[in-house]
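S.K.: Before I ask anything, here is the structure I am working with.
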Amino acid sequence: MASKRLMYRHTGTVRVLHWVNVLTLTIMLMSGLQIFNAHPALYWGATSHFSRPILSMEALQNDQGRTWGVTTVGSHSFTTTGLFGWSKGGDGNDTERGFPRWATLPSDTWLAMGRLWHLFFAWVLVINGAIYVGFGVLSGHLRRDLLPGREDWRRLGRTFIDHARLRFPRGEEARHYNGIQKLAYLFVVFVVGPLIVLTGLTMSPTMDAGFPWLLTLFDGRQSARTIHFACAMTLLAFFVVHILMVVLSGPWNNLRSMITGRYAIEVAPDGEPGAERE
Amino acid sequence: MNEIISTRRRRLLLGLGAGTTSLLLGGCDRLSNLPQTQSVLSAAQWLTRGAQRLLVSRDALAPQYTRADIAPVFRPNGTTDPDNPQYQTLAKNGFRDWRLLVDGLVERPRSFSLADLRAMPAQTQITRHDCVEGWSCIGQWTGPMLRDVLALVLPKPQARYVMFFCADPMDDGSDYYYESIDLRTAAHPQTLLAYDLNGETLPITYGAPIRLRLGRQLGYKMAKYVMHIQLVSSYRTFGQGQGGYWEDQGYTWYAGI
């Protein structure tokens, strides 16, 4: 019969940084949607070509006075009443707004406050992220736990199929991140993270004066805004999948490991994984 | 025994998690309404300004664009036709009677007519206008550099900020639009008193007879319908004390991002 042993999985530093990041990213996303709502349309290039946005959320009214929320992506329009473009305001009446009340910080339309939250926690995000990367490099966490090895690459296809079938690693295998996890974390930390910070800075007219190459890199301020939004949606998708995986692969065990650091793994009776006993 | 403790702990932690989340989401809304929250959060603007001052040199120019980049329809920001009888009288007469008073902490207060300003050396710059809402438009602006105008009135050493008082009434006429910038921004070569847009006399929609143009800050800093410029040591005594009409509504004074 297999028994369970607790192993030490996450260091205190990683756990603290993780929860600070949860709070920060939540505030950044929701205040970001508040800011987006001030002009719920995205463009490509240096300026806003108001007649041809890449994405827009608006309210459209017909002759009878009925109103719909309409989201347009490229040349395709979708009815999104109640969600995007037309949803309940603070007084309970339907109103024109990009994202709905429950998704924005503050709930009410309040750009100034959204910017205050966003541009304060932007500092927290960057400092938290810099500490994580600094710690990751110095402690060997990145090299040891996140850099995929030859074995990870070889088994990537297998890991992918297992994940799709919701078969998660057990026992010895569960002691380490698998290839997909490593790549997903590295992608978020070293691709999406820097990209969302740089595109955010590109929207600053002062930064554009000092670093005009930012505009060249992202093909203009409005493109940077669009990429910034796409990065935020990528982080949201990462978050959804992350939560899904946490729940499917043992929510209590995962949650405990990110709070106390201890993670239970199954060991065969004769196996000696060298894990600490509780 | 262990199982029981574990279940209790599990419930406690899940409860804590759910409680924290709902507190956070509901709490953030309540926190937003506290003046303390607003003042703590808005303090980050000084960190941002400090960082940007370290990273971006005093004279670094905002990117300039070409004629081909000029927006076919430039979206106006703010007021588009001031509901102010005095202003409307000036406008009817093509602003021939308009005078820009420049005073405050200066050695030689002076008022300028539009002709005076047009007689000064002018800059023509094709730059991007970034609205705090998120959109951008490119236009070509012409006018004297503010620093040339200030050089004629000789600012006193105590002067630290330049106030702009405007003709557009706000909030049903209970006050008027105003703005302020520091002397460092006032001395920047892209800080203009613009009287032309895209080679034509600045229309009323865009702030006639002159509007402030800044290369490196957001649209709301760029006061339209400027009537009076005053050099001061502090902007705290004007309006609600935050340095501008939108600043008084909670927008940051440093609008560099």
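Chain labels run A, B, ... following the order of the structure tokens; each chain numbers its residues from 1, and ligands are numbered from 1 in the order shown.
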Residues of chain B that approach chain A to 8 Å or less, counting only C-alpha atoms: could you list each one with the shortest pair of atoms and its distance in Å to one decimal, rows by chain and increasing residue number, as a Markdown table?
M.R.:
```
| residue | atom | partner | partner_atom | distance |
| --- | --- | --- | --- | --- |
| B:Arg10 | CA | A:Trp252 | CA | 7.1 |
| B:Cys28 | CA | A:Pro106 | CA | 7.0 |
| B:Asp29 | CA | A:Pro106 | CA | 5.3 |
| B:Ser32 | CA | A:Pro106 | CA | 6.8 |
| B:Gln38 | CA | A:Leu116 | CA | 7.2 |
| B:Leu41 | CA | A:Leu116 | CA | 5.5 |
| B:Ser42 | CA | A:Leu116 | CA | 5.6 |
| B:Ala44 | CA | A:Phe120 | CA | 5.3 |
| B:Gln45 | CA | A:Leu119 | CA | 7.7 |
| B:Gln52 | CA | A:Met207 | CA | 7.0 |
| B:Leu55 | CA | A:Gly210 | CA | 7.1 |
| B:Val56 | CA | A:Gly210 | CA | 4.6 |
| B:Ser57 | CA | A:Gly210 | CA | 6.8 |
| B:Ala60 | CA | A:Ala209 | CA | 5.5 |
| B:Leu61 | CA | A:Ala209 | CA | 5.1 |
| B:Ala62 | CA | A:Ala209 | CA | 4.1 |
| B:Pro63 | CA | A:Ala209 | CA | 6.1 |
| B:Ala71 | CA | A:Thr47 | CA | 7.9 |
| B:Arg128 | CA | A:Thr47 | CA | 7.8 |
| B:Asp130 | CA | A:Pro205 | CA | 7.4 |
| B:Glu133 | CA | A:Ala38 | CA | 5.0 |
| B:Gly134 | CA | A:His39 | CA | 6.1 |
| B:Trp135 | CA | A:Ser48 | CA | 5.7 |
| B:Ser136 | CA | A:Thr47 | CA | 4.8 |
| B:Cys137 | CA | A:Thr47 | CA | 5.2 |
| B:Ile138 | CA | A:Thr47 | CA | 6.8 |
| B:Gly215 | CA | A:Pro205 | CA | 7.4 |
| B:Arg216 | CA | A:Thr206 | CA | 4.5 |
| B:Gln217 | CA | A:Pro205 | CA | 5.7 |
| B:Leu218 | CA | A:Pro205 | CA | 7.2 |
| B:Gln249 | CA | A:Ala112 | CA | 7.6 |
| B:Gly250 | CA | A:Ala112 | CA | 5.6 |
| B:Tyr251 | CA | A:Ala112 | CA | 5.0 |
| B:Thr252 | CA | A:Ala112 | CA | 7.9 |
| B:Gly256 | CA | A:Thr206 | CA | 5.3 |
| B:Ile257 | CA | A:Ser204 | CA | 4.0 |
```
S.K.: Would you kindly return, as a PyMOL selection string, each protein, DNA or RNA residue with an atom no farther than 12 Å from any atom of Asp97 of chain B, considering only C-alpha atoms and excluding same-chain residues fewer than 2 positions away?
M.R.: chain B and resi 86-95+99-100+111-115+209+227
S.K.: Export, as a PDB file, in the first residue's frame, the selected residues with C-alpha atoms.
M.R.:
```
ATOM      1  CA  GLN B  86     -16.543  87.212 -22.850  1.00  0.00           C
ATOM      2  CA  TYR B  87     -14.699  84.521 -24.743  1.00  0.00           C
ATOM      3  CA  GLN B  88     -17.386  84.388 -27.427  1.00  0.00           C
ATOM      4  CA  THR B  89     -17.098  88.170 -27.920  1.00  0.00           C
ATOM      5  CA  LEU B  90     -13.331  87.826 -28.372  1.00  0.00           C
ATOM      6  CA  ALA B  91     -13.865  84.941 -30.798  1.00  0.00           C
ATOM      7  CA  LYS B  92     -16.348  86.915 -32.941  1.00  0.00           C
ATOM      8  CA  ASN B  93     -13.705  89.530 -33.478  1.00  0.00           C
ATOM      9  CA  GLY B  94     -11.072  86.979 -34.484  1.00  0.00           C
ATOM     10  CA  PHE B  95      -9.343  87.428 -31.099  1.00  0.00           C
ATOM     11  CA  ARG B  99      -4.575  89.714 -24.618  1.00  0.00           C
ATOM     12  CA  LEU B 100      -2.463  87.135 -22.863  1.00  0.00           C
ATOM     13  CA  SER B 111       0.361  91.316 -21.914  1.00  0.00           C
ATOM     14  CA  PHE B 112       0.721  89.916 -25.413  1.00  0.00           C
ATOM     15  CA  SER B 113      -1.648  90.294 -28.320  1.00  0.00           C
ATOM     16  CA  LEU B 114      -1.997  87.468 -30.819  1.00  0.00           C
ATOM     17  CA  ALA B 115       0.014  89.613 -33.248  1.00  0.00           C
ATOM     18  CA  PRO B 209      -6.506  81.488 -29.820  1.00  0.00           C
ATOM     19  CA  MET B 227      -6.047  83.734 -21.083  1.00  0.00           C
TER      20      MET B 227
END
```
S.K.: Find the residue from B:Gly199, B:Ala167, B:Ala194, B:Leu212 that sits nearest to Pro82 of chain B; use only C-alpha atoms when measuring.
M.R.: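 Closest residue, counting only C-alpha atoms: B:Ala167.
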S.K.: For the strand (DSSP E) assignment from backbone DSSP, which residues of segment 141-237 of chain B qualify? Please present them as a PyMOL selection string.
M.R.: chain B and resi 141-143+161-170+175-182+192-194+196-197+200-201+211-213+226-232
S.K.: Hey, which of B:Met222, B:Met145, B:Leu154, B:Ile204 ends up closest to Thr191 of chain B? Count only C-alpha atoms.
M.R.: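 Among the listed residues, the smallest separation from Thr191 of chain B belongs to B:Met145.
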S.K.: I'd like the contact shell of segment 106-110 of chain B - 8 Å cut-off, only C-alpha atoms, skipping same-chain residues fewer than 3 positions apart - returned as a ChimeraX atom specification.
M.R.: /B:101-103,152-156,159,231
S.K.: Could you save the residues just selected, with C-alpha atoms, as a CSV table (one decimal), in the first residue's frame?
M.R.:
```
chain,number,residue,atom,x,y,z
B,101,LEU,CA,-1.4,88.5,-19.5
B,102,VAL,CA,1.9,87.0,-18.2
B,103,ASP,CA,2.5,88.1,-14.6
B,152,LEU,CA,10.7,88.5,-22.0
B,153,VAL,CA,9.0,88.8,-18.6
B,154,LEU,CA,12.1,87.7,-16.6
B,155,PRO,CA,11.0,85.1,-14.0
B,156,LYS,CA,12.1,85.9,-10.5
B,159,ALA,CA,9.2,81.2,-9.4
B,231,LEU,CA,4.4,82.4,-12.4
```
S.K.: For the alpha helix (DSSP H) assignment from backbone DSSP, which residues of segment 33-254 of chain B qualify? Please present them as a count of residues only.
M.R.: 50
S.K.: How far is it from atom CA of Pro203 of chain B to atom CA of Tyr65 of chain B, in Å with one decimal?
M.R.: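 One can read the atom CA of Pro203 of chain B to atom CA of Tyr65 of chain B distance as 21.5 Å.
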S.K.: Would you pick out the contacts of segment 14-20 of chain A at 7 Å or less, using only C-alpha atoms, so that residues sharing its chain but fewer than 5 positions from it are not included, and give the list as JSON, numbers by chain?
M.R.: {"A": [128, 132, 258, 259]}
S.K.: Which residues, written as a PDB file with N, CA and C atoms, in the first residue's frame, have at least one atom at most 9 Å from Pro169 of chain A, with only C-alpha atoms counted and residues fewer than 6 positions away on the same chain left out?
M.R.:
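In the end it all went to around.pdb:
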```pdb
ATOM      1  N   THR A 159       4.067  14.211 -21.721  1.00  0.00           N
ATOM      2  CA  THR A 159       3.535  15.055 -20.649  1.00  0.00           C
ATOM      3  C   THR A 159       2.272  15.764 -21.118  1.00  0.00           C
ATOM      4  N   ASP A 162      -0.607  13.325 -21.237  1.00  0.00           N
ATOM      5  CA  ASP A 162      -1.036  13.037 -19.868  1.00  0.00           C
ATOM      6  C   ASP A 162      -1.874  14.167 -19.294  1.00  0.00           C
ATOM      7  N   ARG A 175       7.707  15.159  -7.574  1.00  0.00           N
ATOM      8  CA  ARG A 175       8.648  15.967  -6.799  1.00  0.00           C
ATOM      9  C   ARG A 175       9.143  17.174  -7.591  1.00  0.00           C
ATOM     10  N   ASN A 178       7.035  19.389 -14.225  1.00  0.00           N
ATOM     11  CA  ASN A 178       7.235  18.700 -15.491  1.00  0.00           C
ATOM     12  C   ASN A 178       7.553  19.721 -16.579  1.00  0.00           C
ATOM     13  N   SER A 249      -5.442  18.645  -9.756  1.00  0.00           N
ATOM     14  CA  SER A 249      -4.350  17.788  -9.299  1.00  0.00           C
ATOM     15  C   SER A 249      -4.222  17.786  -7.775  1.00  0.00           C
TER      16      SER A 249
END
```
S.K.: What is the atom CA of Tyr245 of chain B-atom CA of Leu54 of chain B distance in Å, reported with one decimal?
M.R.: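 Separation between atom CA of Tyr245 of chain B and atom CA of Leu54 of chain B: 28.0 Å.
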S.K.: For segment 161-164 of chain B, work out the shell of residues within 8 Å, counting only C-alpha atoms and skipping chain neighbours fewer than 5 positions away, then give it as a list in words.
M.R.: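 Selected residues are Tyr178, Glu179, Ser180, Ile181, Asp182, Leu183, Ala186, Ala223, Val226, Met227, His228, Ile229, Gln230, Leu231, Val232, Ser233, Ser234 and Tyr235 of chain B.
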S.K.: Quote the spacing between atom CA of Thr124 of chain B and atom CA of Leu192 of chain B in Å to one decimal place.
M.R.: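 Distance reported for this atom pair: 9.3 Å.
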S.K.: Using only C-alpha atoms for the distances, tell me which of A:Asn21, A:Thr260, A:Ser75, A:Thr216 is nearest to Ala130 of chain A.
M.R.: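 Smallest separation from Ala130 of chain A among the options: A:Asn21.
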